[in-house]
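Student: Sharing target.cif, mmCIF, N, CA and C atoms:
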data_start
loop_
_atom_site.label_atom_id
_atom_site.label_comp_id
_atom_site.auth_asym_id
_atom_site.auth_seq_id
_atom_site.Cartn_x
_atom_site.Cartn_y
_atom_site.Cartn_z
N MET A 4 21.83 -1.65 11.77
CA MET A 4 21.34 -1.64 10.41
C MET A 4 20.12 -2.57 10.31
N MET A 5 19.09 -2.11 9.66
CA MET A 5 17.86 -2.85 9.54
C MET A 5 17.99 -3.91 8.43
N SER A 6 17.42 -5.06 8.66
CA SER A 6 17.48 -6.10 7.63
C SER A 6 16.53 -5.76 6.49
N LYS A 7 16.78 -6.38 5.35
CA LYS A 7 15.98 -6.12 4.16
C LYS A 7 14.51 -6.47 4.38
N SER A 8 14.26 -7.59 5.05
CA SER A 8 12.87 -8.00 5.27
C SER A 8 12.13 -7.03 6.18
N ALA A 9 12.83 -6.49 7.17
CA ALA A 9 12.19 -5.51 8.05
C ALA A 9 11.88 -4.23 7.28
N THR A 10 12.80 -3.83 6.42
CA THR A 10 12.59 -2.63 5.61
C THR A 10 11.39 -2.80 4.70
N VAL A 11 11.28 -3.95 4.06
CA VAL A 11 10.14 -4.23 3.18
C VAL A 11 8.86 -4.26 4.00
N GLY A 12 8.91 -4.86 5.17
CA GLY A 12 7.74 -4.90 6.05
C GLY A 12 7.26 -3.52 6.43
N PHE A 13 8.20 -2.63 6.73
CA PHE A 13 7.83 -1.25 7.06
C PHE A 13 7.23 -0.52 5.86
N LYS A 14 7.78 -0.76 4.66
CA LYS A 14 7.23 -0.14 3.45
C LYS A 14 5.80 -0.60 3.22
N ILE A 15 5.58 -1.91 3.35
CA ILE A 15 4.23 -2.47 3.16
C ILE A 15 3.27 -1.90 4.19
N ALA A 16 3.69 -1.85 5.44
CA ALA A 16 2.84 -1.32 6.50
C ALA A 16 2.48 0.14 6.24
N ARG A 17 3.46 0.92 5.78
CA ARG A 17 3.23 2.34 5.52
C ARG A 17 2.22 2.52 4.38
N VAL A 18 2.34 1.72 3.31
CA VAL A 18 1.41 1.82 2.20
C VAL A 18 0.02 1.39 2.64
N LYS A 19 -0.07 0.30 3.40
CA LYS A 19 -1.38 -0.15 3.91
C LYS A 19 -2.02 0.92 4.78
N GLN A 20 -1.22 1.56 5.62
CA GLN A 20 -1.73 2.62 6.49
C GLN A 20 -2.27 3.79 5.66
N GLN A 21 -1.58 4.15 4.59
CA GLN A 21 -2.04 5.23 3.72
C GLN A 21 -3.34 4.86 3.03
N ILE A 22 -3.47 3.60 2.61
CA ILE A 22 -4.70 3.14 1.97
C ILE A 22 -5.86 3.23 2.94
N ILE A 23 -5.67 2.73 4.14
CA ILE A 23 -6.73 2.76 5.16
C ILE A 23 -7.13 4.19 5.48
N LYS A 24 -6.15 5.05 5.65
CA LYS A 24 -6.43 6.46 5.97
C LYS A 24 -7.24 7.12 4.86
N LEU A 25 -6.87 6.86 3.60
CA LEU A 25 -7.56 7.45 2.47
C LEU A 25 -8.99 6.92 2.36
N GLU A 26 -9.16 5.62 2.57
CA GLU A 26 -10.50 5.02 2.49
C GLU A 26 -11.42 5.54 3.59
N ARG A 27 -10.87 5.80 4.76
CA ARG A 27 -11.68 6.23 5.90
C ARG A 27 -11.87 7.74 5.96
N GLN A 28 -11.09 8.46 5.16
CA GLN A 28 -11.10 9.92 5.20
C GLN A 28 -12.47 10.50 4.85
N ASN A 29 -13.06 10.02 3.77
CA ASN A 29 -14.34 10.54 3.31
C ASN A 29 -15.25 9.39 2.92
N ALA A 30 -16.52 9.63 3.07
CA ALA A 30 -17.49 8.61 2.65
C ALA A 30 -17.47 8.47 1.13
N VAL A 31 -17.24 9.59 0.44
CA VAL A 31 -17.18 9.58 -1.02
C VAL A 31 -15.82 10.11 -1.43
N LEU A 32 -15.11 9.32 -2.21
CA LEU A 32 -13.78 9.72 -2.66
C LEU A 32 -13.87 10.60 -3.90
N THR A 33 -13.05 11.64 -3.93
CA THR A 33 -12.97 12.47 -5.13
C THR A 33 -12.20 11.71 -6.19
N LEU A 34 -12.21 12.21 -7.40
CA LEU A 34 -11.47 11.58 -8.48
C LEU A 34 -9.98 11.52 -8.14
N GLU A 35 -9.47 12.58 -7.56
CA GLU A 35 -8.06 12.64 -7.16
C GLU A 35 -7.74 11.60 -6.08
N ASP A 36 -8.62 11.50 -5.09
CA ASP A 36 -8.43 10.50 -4.03
C ASP A 36 -8.49 9.09 -4.58
N ASN A 37 -9.40 8.87 -5.51
CA ASN A 37 -9.53 7.55 -6.12
C ASN A 37 -8.28 7.18 -6.90
N LYS A 38 -7.69 8.13 -7.61
CA LYS A 38 -6.45 7.88 -8.35
C LYS A 38 -5.31 7.56 -7.39
N LYS A 39 -5.25 8.30 -6.28
CA LYS A 39 -4.20 8.05 -5.29
C LYS A 39 -4.37 6.67 -4.67
N LEU A 40 -5.61 6.29 -4.39
CA LEU A 40 -5.90 4.98 -3.83
C LEU A 40 -5.47 3.87 -4.80
N GLN A 41 -5.76 4.04 -6.07
CA GLN A 41 -5.34 3.05 -7.07
C GLN A 41 -3.82 2.98 -7.14
N GLN A 42 -3.16 4.11 -7.07
CA GLN A 42 -1.70 4.14 -7.12
C GLN A 42 -1.10 3.43 -5.90
N LEU A 43 -1.68 3.66 -4.72
CA LEU A 43 -1.20 3.01 -3.51
C LEU A 43 -1.39 1.50 -3.59
N ARG A 44 -2.52 1.07 -4.09
CA ARG A 44 -2.77 -0.38 -4.23
C ARG A 44 -1.81 -1.01 -5.23
N LYS A 45 -1.50 -0.27 -6.30
CA LYS A 45 -0.53 -0.77 -7.28
C LYS A 45 0.86 -0.86 -6.65
N THR A 46 1.23 0.13 -5.86
CA THR A 46 2.51 0.11 -5.16
C THR A 46 2.59 -1.08 -4.23
N LEU A 47 1.52 -1.33 -3.50
CA LEU A 47 1.47 -2.47 -2.59
C LEU A 47 1.62 -3.78 -3.35
N GLN A 48 0.91 -3.91 -4.45
CA GLN A 48 0.99 -5.11 -5.29
C GLN A 48 2.42 -5.30 -5.81
N ASN A 49 3.06 -4.21 -6.23
CA ASN A 49 4.43 -4.29 -6.73
C ASN A 49 5.40 -4.72 -5.63
N LEU A 50 5.20 -4.23 -4.42
CA LEU A 50 6.05 -4.65 -3.30
C LEU A 50 5.91 -6.15 -3.05
N TYR A 51 4.67 -6.63 -3.06
CA TYR A 51 4.43 -8.06 -2.86
C TYR A 51 5.12 -8.88 -3.95
N GLN A 52 4.99 -8.45 -5.19
CA GLN A 52 5.58 -9.20 -6.30
C GLN A 52 7.09 -9.12 -6.30
N THR A 53 7.63 -7.95 -6.07
CA THR A 53 9.08 -7.75 -6.10
C THR A 53 9.78 -8.59 -5.05
N TYR A 54 9.19 -8.66 -3.87
CA TYR A 54 9.83 -9.38 -2.77
C TYR A 54 9.22 -10.75 -2.54
N ASP A 55 8.42 -11.22 -3.52
CA ASP A 55 7.85 -12.57 -3.50
C ASP A 55 7.17 -12.88 -2.18
N ILE A 56 6.23 -12.04 -1.81
CA ILE A 56 5.50 -12.20 -0.55
C ILE A 56 4.14 -12.82 -0.87
N ASP A 57 3.77 -13.83 -0.09
CA ASP A 57 2.50 -14.52 -0.27
C ASP A 57 1.37 -13.53 -0.01
N LEU A 58 0.49 -13.36 -1.00
CA LEU A 58 -0.59 -12.37 -0.91
C LEU A 58 -1.73 -12.80 0.02
N GLU A 59 -1.77 -14.05 0.42
CA GLU A 59 -2.86 -14.51 1.28
C GLU A 59 -2.64 -14.21 2.75
N HIS A 60 -1.50 -13.68 3.13
CA HIS A 60 -1.23 -13.39 4.53
C HIS A 60 -1.19 -11.92 4.77
#
Before we go any further, please render this structure as structure tokens.

Tutor:
Amino acid sequence: MMSKSATVGFKIARVKQQIIKLERQNAVLTLEDNKKLQQLRKTLQNLYQTYDIDLEH
């Protein structure tokens, strides 16, 4: 069974990977891509806040 911190780490890594992929996908983001990017960043921020993770690391 995976520990809670490892599970959170995997969630954060997956969201970061999606953000990077979306940013690198096109030189110019469509409105839909931009909305998805904002949603992913909000999800990442919520994970940091929910699990009290230092944002500087």

Student: Any idea what the distance is between atom C of Leu34 in chain A and atom C of Tyr51 in chain A?

Tutor: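 Atom-to-atom, atom C of Leu34 in chain A and atom C of Tyr51 in chain A are spaced 25.7 Å apart.
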
Student: Could you state the separation of CA of Thr10 in chain A and CA of Arg44 in chain A in Å, given to one decimal place?

Tutor: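 About the pair CA of Thr10 in chain A and CA of Arg44 in chain A: they are 18.4 Å apart.
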
Student: What separation in Å, quoted to one decimal, exists between CA of Asp55 in chain A and CA of Lys24 in chain A?

Tutor: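 Pair CA of Asp55 in chain A / CA of Lys24 in chain A returns 25.6 Å.
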
Student: Please evaluate the PyMOL selection byres (((chain A and resi 19-21 and name CA) around 10) and name CA) against the displayed coordinates and give the resulting residues as a tab-separated table (two decimals) with N, CA and C atoms, in the frame of the given file.

Tutor:
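The new file out_21.tsv reads:
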chain	number	residue	atom	x	y	z
A	13	PHE	N	8.20	-2.63	6.73
A	13	PHE	CA	7.83	-1.25	7.06
A	13	PHE	C	7.23	-0.52	5.86
A	14	LYS	N	7.78	-0.76	4.66
A	14	LYS	CA	7.23	-0.14	3.45
A	14	LYS	C	5.80	-0.60	3.22
A	15	ILE	N	5.58	-1.91	3.35
A	15	ILE	CA	4.23	-2.47	3.16
A	15	ILE	C	3.27	-1.90	4.19
A	16	ALA	N	3.69	-1.85	5.44
A	16	ALA	CA	2.84	-1.32	6.50
A	16	ALA	C	2.48	0.14	6.24
A	17	ARG	N	3.46	0.92	5.78
A	17	ARG	CA	3.23	2.34	5.52
A	17	ARG	C	2.22	2.52	4.38
A	18	VAL	N	2.34	1.72	3.31
A	18	VAL	CA	1.41	1.82	2.20
A	18	VAL	C	0.02	1.39	2.64
A	22	ILE	N	-3.47	3.60	2.61
A	22	ILE	CA	-4.70	3.14	1.97
A	22	ILE	C	-5.86	3.23	2.94
A	23	ILE	N	-5.67	2.73	4.14
A	23	ILE	CA	-6.73	2.76	5.16
A	23	ILE	C	-7.13	4.19	5.48
A	24	LYS	N	-6.15	5.05	5.65
A	24	LYS	CA	-6.43	6.46	5.97
A	24	LYS	C	-7.24	7.12	4.86
A	25	LEU	N	-6.87	6.86	3.60
A	25	LEU	CA	-7.56	7.45	2.47
A	25	LEU	C	-8.99	6.92	2.36
A	26	GLU	N	-9.16	5.62	2.57
A	26	GLU	CA	-10.50	5.02	2.49
A	26	GLU	C	-11.42	5.54	3.59
A	27	ARG	N	-10.87	5.80	4.76
A	27	ARG	CA	-11.68	6.23	5.90
A	27	ARG	C	-11.87	7.74	5.96
A	39	LYS	N	-5.25	8.30	-6.28
A	39	LYS	CA	-4.20	8.05	-5.29
A	39	LYS	C	-4.37	6.67	-4.67
A	40	LEU	N	-5.61	6.29	-4.39
A	40	LEU	CA	-5.90	4.98	-3.83
A	40	LEU	C	-5.47	3.87	-4.80
A	43	LEU	N	-1.68	3.66	-4.72
A	43	LEU	CA	-1.20	3.01	-3.51
A	43	LEU	C	-1.39	1.50	-3.59
A	44	ARG	N	-2.52	1.07	-4.09
A	44	ARG	CA	-2.77	-0.38	-4.23
A	44	ARG	C	-1.81	-1.01	-5.23
A	46	THR	N	1.23	0.13	-5.86
A	46	THR	CA	2.51	0.11	-5.16
A	46	THR	C	2.59	-1.08	-4.23
A	47	LEU	N	1.52	-1.33	-3.50
A	47	LEU	CA	1.47	-2.47	-2.59
A	47	LEU	C	1.62	-3.78	-3.35

Student: Can you tell me, as a PyMOL selection string, which residues in chain A count as alpha helix (DSSP H) by DSSP?

Tutor: chain A and resi 7-28+34-53
